[in-house]
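Single-structure report; data block below.
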Amino acid sequence: MSLLDVLTQYRKDPSLAAGPASLLPDAETLDQSDPLRHKRDEFLLPAQSVYLDGNSLGPMPVAARQRAQAVLDQQWGEDLICSWNKHSWIDLPQTVGDKIAPLLGAAPGQVICCDSVSINLFKVLSAALGLNPGRRKIVSQRDNFPTDLYVVQGLQQLLGDAQRELEVLPEEEIEGALDDQVAVLLLTQVNFRSGYAHDIARLTRAAQAHGALVIWDLAHSTGVMPLELDQWNVDFAVGCGYKYLNGGPGAPAFVYAALRHHAALRQPVAGWMGHQSPFEFSPEYTPAGDIRQFLAGTPPILSMSVLDAALDVYRDVDIRQVKQKALDLADYFAARMMEFPSLQSLELATPLAHIERGAQLAYVHPQAFAICQCLIAEGVIADFRAPNILRFGFSPLYLSFRDLDKALERFAVIMKEELYALPEFNVRKKVT
Ligand SMILES: *Cc1c(COP(=O)(O)O)cnc(C)c1O
């Protein structure tokens with residue numbers, strides 16, 4: 001019986017989970033047959049905590065720390081400005097882009113590392129609108145990550161409302177809203193709150209059948225979801241360097257632009273690094289004819305170097321195995337949770353079907369904020385998303401099934417004793 005089968009049975013008949021005999025294999029057995037278990041050695045993790053928030057900020061790969069030291073001491077410290085050539089700093093956005101490309105199912109030359117997801121969205125959305133003149137509508141999902149919607153609203157303001165119109169719809173109305181007025185369909189594959197995952201191939205086909213271009217935000221996908229952007233004929237995508245890619249806080253993001261658009265596209269944040277020949281210092285802007293045209297200013301070499309090193313963790317892993325383990329971890333967690341009476345007040349808000357899920361689970365509880373603070377104080381790092389969601393991320397390269405047992409034992413005590421009601425867990429800081 002698969003872990004999903006156990007979970008499904010428990011949900012059908014909760015008395016099975018409450019019974020004395022668990023239907024789940026034990027964590028140790030699962031860890032022993034985990035093909036990714038050796039990857040944990042490549043990370044620096046605090047000894048006592050269980051990290052279930054790699055979907056927000058990935059932990060530190062050993063290689064990232066070493067690279068940071070080398071870039072500081074040797075490259076910047078000793079070689080100074082010569083490093084632009086000597087250590088190929090100038091090529092880093094492309095080098096890192098090409099390292100990310102296999103995780104996206106993209107041939108080389110279509111991915112570049114730069115800026116933040118928000119800035120990159122502004123660039124690709126402008127470019128996509130430019131490629132589809134005469135159409136007014138941008139369709140997106142109402143529960144998209146807010147920055148995606150803000151970027152559309154900002155661009156709309158800049159262009160004038162008469163030019164563009166943003167239509168934000170609930171998940172289930174998106175396909176029906178695609179028509180010949182739609183210039184761009186802008187979606188995030190994995191919903192940051194619920195963990196629901198869109199079918200990129202199907203929605204891309206549906207949008208393109210009406211002549212729309214598609215932009216996918218892959219912030220909660222890259223590094224954990226098997227992606228085939230070339231095969232699915234995706235037009236543009238953006239994604240994040242600091243979540244599953246473990247590039248460190250504020251690590252630069254990336255842009256994917258299909259090769260077929262490179263010649264015709266124009267992006268508005270024209271800067272010298274996106275120029276065909278930046279070091280000719282010409283007063284006229286001529287964009288680089290390739291993916292480099294998405295660059296604007298000088299790349300952040302320190303953080304991009306760290307991301308470059310962090311990506312080496314992926315050199316020998318099959319992303320399908322990564323996704324499978326993420327699902328297994330989540331299924332195990334959700335099923336084991338049902339075996340603790342004190343955890344029954346939390347309601348799962350993530351779909352069970354594997355193809356409709358990313359690598360996280362969302363639980364709804366009116367005290368989600370305080371519970372999350374209390375979990376963190378007990379060394380179980382999860383996160384809270386307003387108004388009432390407790391989110392657990394299952395990043396497979398360093399988590400074990402035994403970690404989940406450890407986390408759930410602490411979680412059960414917190415709920416049983418209502419430790420979260422203590423005043424110190426009910427104070428909201430700037431970042432929640
Ligand atoms: C994390 C995340 C972002 C982050 O955007 P930044 O501009 O890099 O801060 C964007 N979109 C989604 C869906 C995210 O989950």
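Labels for the structure tokens follow display order: chains A, B, ..., residues from 1 in each chain, ligands from 1.
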Contact check, chain A to ligand 1, at most 9 Å, counting only C-alpha atoms and all ligand atoms, closest pairs as a Markdown table:
| residue | atom | partner | partner_atom_place_in_ligand_line | distance |
| --- | --- | --- | --- | --- |
| A:Asn55 | CA | ligand 1 | 15 (O) | 8.4 |
| A:Ser56 | CA | ligand 1 | 1 (C) | 6.8 |
| A:Leu57 | CA | ligand 1 | 1 (C) | 9.0 |
| A:Asp115 | CA | ligand 1 | 8 (O) | 7.7 |
| A:Ser116 | CA | ligand 1 | 8 (O) | 4.0 |
| A:Val117 | CA | ligand 1 | 8 (O) | 3.8 |
| A:Ser118 | CA | ligand 1 | 7 (O) | 3.6 |
| A:Ile119 | CA | ligand 1 | 7 (O) | 6.4 |
| A:Asn120 | CA | ligand 1 | 7 (O) | 7.9 |
| A:Leu121 | CA | ligand 1 | 7 (O) | 8.4 |
| A:Asn144 | CA | ligand 1 | 13 (C) | 6.8 |
| A:Phe145 | CA | ligand 1 | 13 (C) | 4.7 |
| A:Pro146 | CA | ligand 1 | 11 (N) | 7.6 |
| A:Thr147 | CA | ligand 1 | 10 (C) | 6.1 |
| A:Asp148 | CA | ligand 1 | 11 (N) | 6.2 |
| A:Leu187 | CA | ligand 1 | 13 (C) | 8.6 |
| A:Thr188 | CA | ligand 1 | 13 (C) | 5.6 |
| A:Gln189 | CA | ligand 1 | 13 (C) | 8.0 |
| A:Val190 | CA | ligand 1 | 13 (C) | 7.4 |
| A:Asn191 | CA | ligand 1 | 13 (C) | 7.0 |
| A:Phe192 | CA | ligand 1 | 15 (O) | 5.6 |
| A:Asp217 | CA | ligand 1 | 13 (C) | 5.8 |
| A:Leu218 | CA | ligand 1 | 13 (C) | 6.7 |
| A:Ala219 | CA | ligand 1 | 14 (C) | 4.7 |
| A:His220 | CA | ligand 1 | 15 (O) | 5.5 |
| A:Ser221 | CA | ligand 1 | 15 (O) | 8.9 |
| A:Val238 | CA | ligand 1 | 11 (N) | 8.4 |
| A:Gly239 | CA | ligand 1 | 10 (C) | 7.3 |
| A:Cys240 | CA | ligand 1 | 8 (O) | 5.9 |
| A:Gly241 | CA | ligand 1 | 8 (O) | 7.9 |
| A:Tyr242 | CA | ligand 1 | 1 (C) | 8.3 |
| A:Lys243 | CA | ligand 1 | 1 (C) | 7.3 |
| A:Gly250 | CA | ligand 1 | 8 (O) | 7.2 |
| A:Ala251 | CA | ligand 1 | 8 (O) | 8.1 |
| A:Pro252 | CA | ligand 1 | 8 (O) | 7.4 |
| A:Ala253 | CA | ligand 1 | 8 (O) | 6.2 |
**Message:** Residues near Val255 (chain A), anyone? I mean within 8 Å using only C-alpha atoms, not counting same-chain ones fewer than 5 positions away, as a list in words.
**Reply:**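 Here the answer would be Val111, Ile112, Cys113, Cys114, Asn120, Val124, Phe236, Ala237, Val238, Gly239 and Phe294 of chain A.
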**Request:** For region 4-14 of chain A, work out the shell of residues within 12 Å, counting only C-alpha atoms and skipping chain neighbours fewer than 5 positions away, then give it as a PyMOL selection string.
**Result:** chain A and resi 19+22-25+324-325+327-341+344+347-348+351-354
**Every residue of region 150-299 of chain A that DSSP places in strand (DSSP E or B), as a PyMOL selection string** = chain A and resi 165-169+182-188+190+196-197+213-217+236-239+253-257+275+287
**Prompt:** Within 9 Å of region 403-413 of chain A, counting only C-alpha atoms, which residues qualify if same-chain residues fewer than 2 places away don't, as a list in words?
**Reply:**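 Here the qualifying residues turn out to be Ala27, Ser49, Val50, Tyr51, Leu52, Leu329, Tyr332, Phe333, Arg336, Met337, Phe340, Pro341, Ser342, Leu343, Ile371, Cys374, Leu375, Glu378, Gly379, Val380, Ile381, Leu399, Ser400, Phe401, Met415, Lys416, Glu417, Glu418 and Leu419 of chain A.
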**Request:** Run DSSP on the backbone of this structure and report the residues of region 45-105 of chain A it assigns to helix (DSSP H, G or I), as a PyMOL selection string.
**Result:** chain A and resi 62-76+80-86+89-104
**Message:** Could you list, as a ChimeraX atom specification, every residue within 8 Å of Gly247 (chain A), counting only C-alpha atoms and ignoring same-chain residues fewer than 2 positions away?
**Reply:** /A:58,60,64,241-243,245,249,251-252,303-304,306-308,310-311
**Message:** Would you compute the distance between CA of Asn426 (chain A) and CA of Phe369 (chain A)? Give it in Å to one decimal.
**Reply:**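 Separation of CA of Asn426 (chain A) and CA of Phe369 (chain A): 7.3 Å.
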**Asked** Which neighbours of Ala296 (chain A) fall inside 7 Å, counting only C-alpha atoms, when residues of the same chain fewer than 3 positions from it are skipped, and could you give them as a PyMOL selection string?
**Response** chain A and resi 269-274
**Asked** With only C-alpha atoms as the basis for distance, which of A:Ala127, A:Ala177, A:Leu16, A:Ala201 is at the shortest distance from Ala264 (chain A)?
**Response** A:Ala127
**Asked** Quick one: residues within 9 Å of Glu167 (chain A), only C-alpha atoms counted, chain neighbours fewer than 5 positions away excluded, as number ranges by chain?
**Response** A: 137-142
**Prompt:** Hey, can you check how far CA of Lys39 (chain A) sits from CA of Ala197 (chain A)?
**Reply:**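 Distance between the two atoms: 25.6 Å.
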